[in-house]
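entry.txt (compact mmCIF, C-alpha atoms and all ligand atoms) appears below.
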# COMPACT_ATOMS: atom_id res chain seq x y z
CA MET A 4 0.00 0.00 0.00
CA ILE A 5 1.11 3.57 -0.73
CA THR A 6 0.12 6.58 1.39
CA LEU A 7 0.79 10.14 0.24
CA ARG A 8 1.59 12.99 2.64
CA ASN A 9 1.88 16.68 1.80
CA GLU A 10 5.29 17.40 3.32
CA ASN A 11 8.07 19.97 2.98
CA CYS A 12 11.64 19.24 1.91
CA PRO A 13 12.88 16.10 3.75
CA ILE A 14 16.41 17.57 3.79
CA CYS A 15 15.90 21.13 5.15
CA LYS A 16 12.12 21.36 5.87
CA SER A 17 11.64 24.34 3.53
CA GLY A 18 8.34 24.58 1.67
CA ASN A 19 9.89 26.52 -1.24
CA ARG A 20 10.09 24.27 -4.24
CA ARG A 21 10.04 24.25 -8.04
CA LEU A 22 8.20 21.62 -10.07
CA LEU A 23 10.46 19.53 -12.31
CA GLY A 24 7.64 17.33 -13.66
CA LYS A 25 5.77 14.07 -13.14
CA PRO A 26 8.05 11.00 -12.92
CA GLY A 27 8.81 9.88 -16.46
CA LYS A 28 9.19 6.12 -15.97
CA ILE A 29 6.95 3.69 -14.11
CA ASN A 30 7.65 -0.01 -13.67
CA ASP A 31 5.05 -2.76 -13.22
CA VAL A 32 5.26 -2.98 -9.43
CA PHE A 33 3.84 0.57 -9.13
CA LYS A 34 1.26 0.49 -11.93
CA LYS A 35 -1.53 -0.95 -9.73
CA TYR A 36 -1.45 2.12 -7.44
CA ASN A 37 -3.58 5.11 -8.55
CA GLU A 38 -1.84 7.34 -5.97
CA ILE A 39 1.25 7.59 -8.14
CA ASP A 40 -0.59 9.92 -10.58
CA GLN A 41 -0.39 12.66 -7.93
CA VAL A 42 3.37 12.42 -7.34
CA ASN A 43 5.72 15.13 -8.67
CA VAL A 44 9.49 15.52 -8.74
CA VAL A 45 10.48 18.91 -7.28
CA ARG A 46 13.66 20.83 -6.45
CA CYS A 47 13.96 22.55 -3.07
CA LEU A 48 14.79 26.23 -3.55
CA GLU A 49 16.47 26.39 -0.12
CA CYS A 50 18.94 23.45 0.00
CA SER A 51 18.84 22.63 -3.78
CA GLY A 52 18.07 18.96 -3.14
CA LYS A 53 15.37 17.12 -5.09
CA TYR A 54 12.49 15.14 -3.63
CA ILE A 55 9.08 13.82 -4.54
CA HIS A 56 5.98 15.71 -3.54
CA PRO A 57 3.66 14.66 -2.03
CA MET A 58 5.93 12.18 -0.22
CA MET A 59 5.13 8.46 -0.60
CA TYR A 60 5.03 6.14 2.39
CA PHE A 61 5.03 2.36 1.85
CA SER A 62 3.43 -0.40 3.89
CA GLU A 63 5.96 -2.87 5.33
CA GLU A 64 4.74 -5.53 2.91
CA PHE A 65 5.27 -3.28 -0.11
CA ARG A 66 8.69 -2.17 1.15
CA LYS A 67 9.76 -5.82 1.29
CA GLU A 68 8.46 -6.33 -2.24
CA LEU A 69 10.66 -3.45 -3.41
CA TYR A 70 13.88 -4.34 -1.55
CA ASN A 71 14.33 -8.11 -1.48
CA LEU A 72 17.31 -10.06 -2.78
CA ASP A 73 16.02 -9.66 -6.34
CA TYR A 74 16.58 -5.92 -5.98
CA PHE A 75 20.30 -6.53 -5.44
CA ASN A 76 20.30 -9.22 -8.09
CA ALA A 77 18.58 -7.20 -10.83
CA ASN A 78 20.96 -8.36 -13.56
CA GLY A 79 20.60 -12.06 -12.92
CA VAL A 80 23.77 -12.79 -10.93
CA LEU A 81 25.07 -11.74 -7.57
CA GLU A 82 28.60 -10.73 -8.30
CA ASP A 83 31.21 -11.03 -5.61
CA SER A 84 33.24 -8.23 -7.14
CA LYS A 85 30.36 -5.72 -7.19
CA ASN A 86 31.94 -2.29 -6.62
CA VAL A 87 34.35 -3.75 -4.08
CA GLY A 88 37.16 -1.44 -5.21
CA GLU A 89 35.18 1.64 -4.24
CA LYS A 90 34.38 0.24 -0.77
CA VAL A 91 38.03 -0.62 -0.13
CA THR A 92 39.06 2.95 -1.07
CA ILE A 93 36.40 4.49 1.19
CA MET A 94 37.33 2.24 4.13
CA ALA A 95 41.00 3.22 3.67
CA ALA A 96 39.92 6.87 4.09
CA VAL A 97 37.97 5.85 7.22
CA LYS A 98 41.04 4.10 8.65
CA LYS A 99 43.10 7.28 8.16
CA LEU A 100 40.60 9.30 10.21
CA CYS A 101 39.96 6.51 12.73
CA GLY A 102 43.52 5.32 13.47
CA GLU A 103 43.73 1.81 14.93
CA THR A 104 40.79 -0.35 13.84
CA ARG A 105 41.40 -3.53 15.86
CA GLY A 106 38.73 -3.99 18.48
CA LYS A 107 36.59 -1.23 17.01
CA THR A 108 33.02 -1.75 15.90
CA MET A 109 31.37 -0.92 12.59
CA LEU A 110 27.71 -0.99 11.58
CA ASP A 111 26.50 -0.99 7.96
CA ILE A 112 22.86 0.11 7.67
CA GLY A 113 21.15 -1.26 4.55
CA CYS A 114 24.08 -3.64 4.11
CA GLY A 115 22.61 -5.30 0.98
CA THR A 116 24.92 -8.10 -0.14
CA GLY A 117 27.68 -7.20 2.31
CA GLU A 118 30.54 -5.63 0.34
CA PHE A 119 31.07 -2.78 2.84
CA LEU A 120 31.03 -5.24 5.74
CA LYS A 121 33.69 -7.31 3.98
CA ALA A 122 35.84 -4.21 3.31
CA GLY A 123 35.47 -3.17 6.98
CA ALA A 124 36.24 -6.66 8.35
CA ASP A 125 39.31 -6.90 6.09
CA ILE A 126 40.91 -3.89 7.79
CA GLY A 127 40.10 -5.08 11.30
CA PHE A 128 36.64 -3.85 12.26
CA ASP A 129 34.22 -6.03 14.20
CA VAL A 130 31.28 -5.66 11.77
CA THR A 131 27.48 -5.83 12.05
CA GLY A 132 25.00 -5.42 9.19
CA ILE A 133 21.33 -4.49 9.24
CA ASP A 134 18.85 -4.74 6.35
CA VAL A 135 15.11 -4.96 5.91
CA ASP A 136 14.67 -8.40 4.42
CA THR A 137 15.89 -11.85 5.55
CA THR A 138 16.84 -12.80 1.98
CA THR A 139 19.77 -10.37 2.17
CA THR A 140 20.76 -10.82 5.83
CA ASP A 141 20.63 -14.64 5.50
CA TYR A 142 22.79 -14.36 2.39
CA ILE A 143 25.45 -12.42 4.33
CA THR A 144 25.40 -14.77 7.31
CA ARG A 145 25.73 -17.77 4.99
CA LYS A 146 28.46 -16.25 2.86
CA TYR A 147 30.64 -14.39 5.39
CA GLY A 148 29.39 -15.40 8.83
CA PHE A 149 28.99 -11.75 9.86
CA ARG A 150 26.52 -10.71 12.54
CA THR A 151 23.31 -9.33 10.99
CA VAL A 152 20.03 -7.87 12.19
CA THR A 153 16.88 -7.93 10.05
CA GLY A 154 14.57 -4.90 10.18
CA LEU A 155 14.62 -1.13 10.14
CA LEU A 156 17.09 0.66 12.42
CA GLY A 157 15.16 2.33 15.23
CA PRO A 158 16.12 4.10 18.48
CA LYS A 159 15.94 0.78 20.41
CA THR A 160 17.74 -1.51 17.94
CA PHE A 161 21.20 -0.92 19.47
CA PRO A 162 22.36 0.66 22.76
CA GLN A 163 23.54 4.28 22.70
CA GLY A 164 27.22 4.79 21.93
CA ARG A 165 27.58 1.24 20.57
CA PHE A 166 29.61 1.82 17.35
CA ASP A 167 32.90 3.47 16.40
CA VAL A 168 31.93 3.69 12.72
CA THR A 169 28.55 3.61 11.00
CA VAL A 170 28.10 3.30 7.24
CA LEU A 171 25.00 4.37 5.33
CA SER A 172 25.71 3.69 1.69
CA HIS A 173 23.13 4.38 -1.00
CA VAL A 174 20.28 4.26 1.52
CA ILE A 175 19.45 7.86 2.46
CA GLU A 176 18.00 8.61 -0.99
CA HIS A 177 15.35 5.95 -0.24
CA LEU A 178 14.15 7.44 3.06
CA GLN A 179 11.02 9.50 3.64
CA GLU A 180 12.37 10.95 6.90
CA PRO A 181 16.18 10.92 6.63
CA SER A 182 16.72 13.27 9.61
CA GLU A 183 15.09 10.71 11.94
CA LEU A 184 17.56 8.02 10.91
CA LEU A 185 20.50 10.43 11.19
CA ALA A 186 19.43 11.23 14.76
CA VAL A 187 19.43 7.49 15.60
CA ILE A 188 22.85 7.06 13.98
CA HIS A 189 24.17 10.02 16.01
CA LYS A 190 22.96 8.39 19.24
CA THR A 191 24.32 4.92 18.49
CA LEU A 192 27.80 6.27 17.61
CA LYS A 193 30.46 6.58 20.30
CA PRO A 194 31.76 10.08 21.11
CA ASN A 195 33.96 11.15 18.15
CA GLY A 196 32.61 8.20 16.14
CA LEU A 197 32.69 8.39 12.36
CA PHE A 198 29.73 8.35 10.01
CA VAL A 199 30.24 7.35 6.37
CA MET A 200 27.44 8.44 4.05
CA CYS A 201 27.42 7.63 0.33
CA THR A 202 24.64 8.72 -2.00
CA PRO A 203 24.20 9.24 -5.74
CA ASN A 204 24.93 12.75 -6.96
CA SER A 205 21.53 13.78 -8.24
CA ASP A 206 23.11 16.72 -10.09
CA SER A 207 25.68 14.54 -11.85
CA PHE A 208 26.48 14.98 -15.53
CA GLY A 209 24.98 11.53 -16.19
CA GLU A 210 21.69 12.49 -14.50
CA ASP A 211 21.51 15.77 -16.45
CA ILE A 212 22.02 13.92 -19.73
CA HIS A 213 19.48 11.27 -18.71
CA ASN A 214 16.90 13.98 -18.08
CA VAL A 215 17.59 15.74 -21.39
CA TYR A 216 17.44 12.39 -23.22
CA GLY A 217 14.07 11.62 -21.56
CA HIS A 218 12.70 14.99 -22.66
CA LEU A 219 13.81 14.53 -26.25
CA ARG A 220 12.88 10.87 -26.59
CA TYR A 221 9.68 10.60 -24.49
CA ASP A 222 7.94 13.57 -22.87
CA ARG A 223 9.23 17.10 -22.37
CA SER A 224 6.79 17.82 -19.50
CA LYS A 225 8.12 14.98 -17.30
CA SER A 226 11.14 14.60 -15.01
CA TYR A 227 13.68 11.86 -15.54
CA TYR A 228 15.51 12.79 -12.32
CA LEU A 229 15.05 10.48 -9.29
CA ALA A 230 12.71 8.07 -11.18
CA PRO A 231 10.92 7.04 -7.93
CA PHE A 232 8.84 4.39 -9.73
CA GLN A 233 11.74 2.62 -11.35
CA SER A 234 14.43 0.56 -9.62
CA PRO A 235 16.35 1.77 -7.61
CA TYR A 236 13.31 3.84 -6.49
CA HIS A 237 15.00 7.05 -5.32
CA ILE A 238 12.70 9.54 -3.57
CA ILE A 239 15.33 12.13 -2.53
CA GLY A 240 18.21 13.46 -4.63
CA PHE A 241 21.28 14.97 -2.98
CA ASN A 242 24.04 17.15 -4.34
CA ARG A 243 27.11 18.31 -2.40
CA LYS A 244 25.28 21.28 -0.88
CA SER A 245 22.21 19.38 0.31
CA ALA A 246 24.31 16.44 1.61
CA ARG A 247 26.37 18.88 3.72
CA ARG A 248 23.21 20.60 4.90
CA ILE A 249 21.52 17.49 6.30
CA LEU A 250 24.73 16.23 7.98
CA GLU A 251 25.47 19.56 9.69
CA ASP A 252 21.84 19.94 10.77
CA SER A 253 22.05 16.44 12.31
CA GLY A 254 25.09 17.17 14.48
CA PHE A 255 27.92 15.87 12.29
CA ALA A 256 31.16 17.69 11.44
CA ILE A 257 32.20 16.83 7.88
CA GLU A 258 35.86 15.82 7.58
CA TYR A 259 35.83 14.33 4.08
CA CYS A 260 33.52 15.11 1.14
CA LYS A 261 34.28 13.81 -2.34
CA VAL A 262 32.36 13.47 -5.56
CA ARG A 263 33.38 10.16 -7.13
CA SER A 264 33.29 9.34 -10.83
CA GLY A 265 31.42 6.03 -10.45
CA LEU A 266 33.88 4.39 -12.85
CA GLU A 267 34.34 1.48 -10.41
CA TRP A 268 30.67 0.60 -10.93
CA GLU A 269 30.50 -1.70 -13.90
CA ASP A 270 27.64 -0.99 -16.30
CA LYS A 271 25.65 -3.89 -17.72
CA THR A 272 24.25 -2.07 -20.75
CA ARG A 273 25.40 0.79 -22.98
CA LYS A 274 28.87 0.33 -21.51
CA PHE A 275 30.69 2.74 -23.83
CA ILE A 276 28.11 5.53 -23.44
CA MET A 277 27.89 5.13 -19.66
CA ARG A 278 31.67 5.13 -19.29
CA SER A 279 31.96 8.25 -21.47
CA LEU A 280 29.32 10.05 -19.36
CA LYS A 281 31.18 9.16 -16.16
CA ILE A 282 34.50 10.41 -17.54
CA MET A 283 32.84 13.68 -18.65
CA GLY A 284 31.19 13.98 -15.22
CA ALA A 285 34.55 13.52 -13.48
CA VAL A 286 36.16 16.15 -15.72
CA LEU A 287 33.34 18.62 -15.01
CA GLY A 288 33.27 17.94 -11.25
CA LYS A 289 29.78 16.43 -11.67
CA GLY A 290 30.59 12.78 -10.87
CA ALA A 291 28.09 10.02 -10.12
CA SER A 292 28.24 9.77 -6.32
CA ILE A 293 28.97 11.75 -3.17
CA VAL A 294 30.99 10.23 -0.32
CA THR A 295 31.19 11.97 3.05
CA ILE A 296 32.89 10.99 6.29
CA SER A 297 31.74 13.02 9.30
CA ARG A 298 32.50 12.97 12.99
CA LYS A 299 29.87 12.94 15.69
CA SER A 300 30.21 16.44 17.09
CA GLU A 301 29.57 17.37 20.68
CA ALA A 302 26.37 19.30 19.83
CA ALA A 303 23.18 17.31 20.34
CA SER A 304 21.47 16.05 17.19
CA VAL A 305 18.16 17.54 16.16
ZN ZN B 1 15.55 21.58 1.10
Would you write the structure of this file as structure tokens?
Amino acid sequence: MITLRNENCPICKSGNRRLLGKPGKINDVFKKYNEIDQVNVVRCLECSGKYIHPMMYFSEEFRKELYNLDYFNANGVLEDSKNVGEKVTIMAAVKKLCGETRGKTMLDIGCGTGEFLKAGADIGFDVTGIDVDTTTTDYITRKYGFRTVTGLLGPKTFPQGRFDVTVLSHVIEHLQEPSELLAVIHKTLKPNGLFVMCTPNSDSFGEDIHNVYGHLRYDRSKSYYLAPFQSPYHIIGFNRKSARRILEDSGFAIEYCKVRSGLEWEDKTRKFIMRSLKIMGAVLGKGASIVTISRKSEAASV
């Protein structure tokens, strides 16, 4: 079931927004819901992030339908090497800021098929993963033997001050109320703990070209940004400015913020075109993803 709510920007709470259009692409899983006709893609005029308006809330059953193992296996095979290089690079940056890793704890929220957990365990962290569906958490337990929790992270899932490092990779763009999760993450981190947040760059060169292509090929009045009704179902789009905004508002001090090219992510189709777009994006400073590492600051989270 889908419920719509008339809400302000999920990043900065501003009600100032500009309409970008109705979502341009709809896959079969959403077609049975009439509510989707009312959904728009908008840009916040305050923080410059994108979001859908009105906001969509999913029943637990529907959420599981969207994010089961098939979601991570969309191309037919679970690949062990999936973007591992990027995770290893990011964890090396974490180690630099963290110092000694032995005996320290790391949580990966929305751990999917476990690549970040593996990269963390390989450099000495005691790792725990949490994800919403047993098909993914069982997969990780079977494959790596790592500790996993199935469900949504809430204020009671872990004790306060439990983790030295928390990772939230390509999750925040799926959340209706991201500030609530960031407040929980802030509480469950130890003092001076590190928070790694990775999210697609919604203002990347690739996204801009995708939107222009959609206008020319399909419908000029629609938005091809976010694509909330097509896997991977993004409902918020961050750029550098809006990513910084939500982290600072949530009590984190940013120590590392990089836009990455996305070249480590192997494309299954249109390989040459996708690679060319990523190279152009990197040259223009409009790469495919944003990686931040922030420290839990002394100020209380909001
Ligand atoms: Zn905003």
*What residues have any atom no more than 8 Å from ligand ZN 1 (chain B) when counting all atoms listed in the file, and can you list them as an NGL selection string?*
:A and (11-19 or 46-53 or 245)
Those residues with C-alpha atoms, as a PDB file, keeping the file's coordinate frame please?
ATOM      1  CA  ASN A  11       8.070  19.970   2.980  1.00  0.00           C
ATOM      2  CA  CYS A  12      11.640  19.240   1.910  1.00  0.00           C
ATOM      3  CA  PRO A  13      12.880  16.100   3.750  1.00  0.00           C
ATOM      4  CA  ILE A  14      16.410  17.570   3.790  1.00  0.00           C
ATOM      5  CA  CYS A  15      15.900  21.130   5.150  1.00  0.00           C
ATOM      6  CA  LYS A  16      12.120  21.360   5.870  1.00  0.00           C
ATOM      7  CA  SER A  17      11.640  24.340   3.530  1.00  0.00           C
ATOM      8  CA  GLY A  18       8.340  24.580   1.670  1.00  0.00           C
ATOM      9  CA  ASN A  19       9.890  26.520  -1.240  1.00  0.00           C
ATOM     10  CA  ARG A  46      13.660  20.830  -6.450  1.00  0.00           C
ATOM     11  CA  CYS A  47      13.960  22.550  -3.070  1.00  0.00           C
ATOM     12  CA  LEU A  48      14.790  26.230  -3.550  1.00  0.00           C
ATOM     13  CA  GLU A  49      16.470  26.390  -0.120  1.00  0.00           C
ATOM     14  CA  CYS A  50      18.940  23.450   0.000  1.00  0.00           C
ATOM     15  CA  SER A  51      18.840  22.630  -3.780  1.00  0.00           C
ATOM     16  CA  GLY A  52      18.070  18.960  -3.140  1.00  0.00           C
ATOM     17  CA  LYS A  53      15.370  17.120  -5.090  1.00  0.00           C
ATOM     18  CA  SER A 245      22.210  19.380   0.310  1.00  0.00           C
TER      19      SER A 245
END
*Looking at A:Ile293, A:Cys101, A:Leu229, A:Met277, which one is nearest to Gly196 (chain A), with distances taken over all atoms listed in the file?*
A:Cys101
*So which one's closest to Glu180 (chain A), A:Gly254, A:Gly127, A:Thr108, A:Met59? Using all atoms listed in the file, please.*
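Checking each candidate against Glu180 (chain A), we get A:Met59 as the closest.
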_For Tyr236 (chain A), the nearest of the candidates A:Ala186, A:His173, A:Thr160, A:Arg145, counting only C-alpha atoms_ =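 With only C-alpha atoms as the atom set, the closest residue is A:His173.
Here CA of Pro181 (chain A) is placed at a distance of 28.3 Å from CA of Asp270 (chain A).
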_Selected residue, from A:Lys271, A:Lys28, A:Arg150, A:Arg165, that lies nearest to Leu192 (chain A) when counting all atoms listed in the file_ =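 Closest residue, counting all atoms listed in the file: A:Arg165.
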*asked:* With distances taken over all atoms listed in the file, which residue among A:Glu64, A:Glu118, A:Asp31, A:Glu10 lies nearest Val45 (chain A)?
replied: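 Between A:Glu64, A:Glu118, A:Asp31, A:Glu10, the residue approaching Val45 (chain A) most closely is A:Glu10.
Surrounding residues of (7.8, 17.8, -13.9) at most 8 Å away are A:Leu22, A:Leu23, A:Gly24, A:Lys25, A:Pro26, A:Asn43, A:Val44, A:Val45, A:Ser224, A:Lys225, A:Ser226 (based on all atoms listed in the file).
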_Neighbouring residues of Val168 (chain A) were defined as those with any atom within 12 Å, considering all atoms listed in the file; residues of the same chain fewer than 5 positions away were excluded. Please report them as a ChimeraX atom specification._
/A:94,97-98,100-102,104,106-112,119-120,123,128-132,188-189,191-200,296-299
Keeping only C-alpha atoms, write those residues as a tab-separated table (two decimals), in the frame of the given file.
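This is the output file selection_34.tsv:
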chain	number	residue	atom	x	y	z
A	94	MET	CA	37.33	2.24	4.13
A	97	VAL	CA	37.97	5.85	7.22
A	98	LYS	CA	41.04	4.10	8.65
A	100	LEU	CA	40.60	9.30	10.21
A	101	CYS	CA	39.96	6.51	12.73
A	102	GLY	CA	43.52	5.32	13.47
A	104	THR	CA	40.79	-0.35	13.84
A	106	GLY	CA	38.73	-3.99	18.48
A	107	LYS	CA	36.59	-1.23	17.01
A	108	THR	CA	33.02	-1.75	15.90
A	109	MET	CA	31.37	-0.92	12.59
A	110	LEU	CA	27.71	-0.99	11.58
A	111	ASP	CA	26.50	-0.99	7.96
A	112	ILE	CA	22.86	0.11	7.67
A	119	PHE	CA	31.07	-2.78	2.84
A	120	LEU	CA	31.03	-5.24	5.74
A	123	GLY	CA	35.47	-3.17	6.98
A	128	PHE	CA	36.64	-3.85	12.26
A	129	ASP	CA	34.22	-6.03	14.20
A	130	VAL	CA	31.28	-5.66	11.77
A	131	THR	CA	27.48	-5.83	12.05
A	132	GLY	CA	25.00	-5.42	9.19
A	188	ILE	CA	22.85	7.06	13.98
A	189	HIS	CA	24.17	10.02	16.01
A	191	THR	CA	24.32	4.92	18.49
A	192	LEU	CA	27.80	6.27	17.61
A	193	LYS	CA	30.46	6.58	20.30
A	194	PRO	CA	31.76	10.08	21.11
A	195	ASN	CA	33.96	11.15	18.15
A	196	GLY	CA	32.61	8.20	16.14
A	197	LEU	CA	32.69	8.39	12.36
A	198	PHE	CA	29.73	8.35	10.01
A	199	VAL	CA	30.24	7.35	6.37
A	200	MET	CA	27.44	8.44	4.05
A	296	ILE	CA	32.89	10.99	6.29
A	297	SER	CA	31.74	13.02	9.30
A	298	ARG	CA	32.50	12.97	12.99
A	299	LYS	CA	29.87	12.94	15.69
*For Gln233 (chain A), please output as a PyMOL selection string all residues within 12 Å (counting only C-alpha atoms; exclusion window: fewer than 4 positions along the same chain).*
chain A and resi 26-34+69+74+77+227-229+237-238
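Taking CA of Thr6 (chain A) as the reference point, CA of Tyr60 (chain A) is found at 5.0 Å.
With distances restricted to only C-alpha atoms, A:Ser264 is the closest residue to Leu287 (chain A) from A:Thr151, A:Thr138, A:Thr116, A:Ser264.
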Using the file's own x, y and z axes, so that the box edges lie along x, y and z, what centre and edge lengths in Å (one decimal) does a box around every listed atom of region 234-249 of chain A get when 6 Å is added on each side? Give it as lines of an AutoDock Vina configuration file.
center_x = 19.9
center_y = 10.9
center_z = -1.7
size_x = 26.4
size_y = 32.7
size_z = 27.9
*Point-to-point distance in Å for CA of Ile212 (chain A) and CA of Val87 (chain A)*: 26.6 Å
*Would you mind listing what lies within 8 Å of Phe241 (chain A) as a list of chain:residue names, with only C-alpha atoms counted and same-chain residues fewer than 4 positions away left out?*
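Selected residues are A:Gly52, A:Lys53, A:Glu176, A:Thr202, A:Pro203, A:Asn204, A:Ser205, A:Asp206, A:Ser245, A:Ala246.
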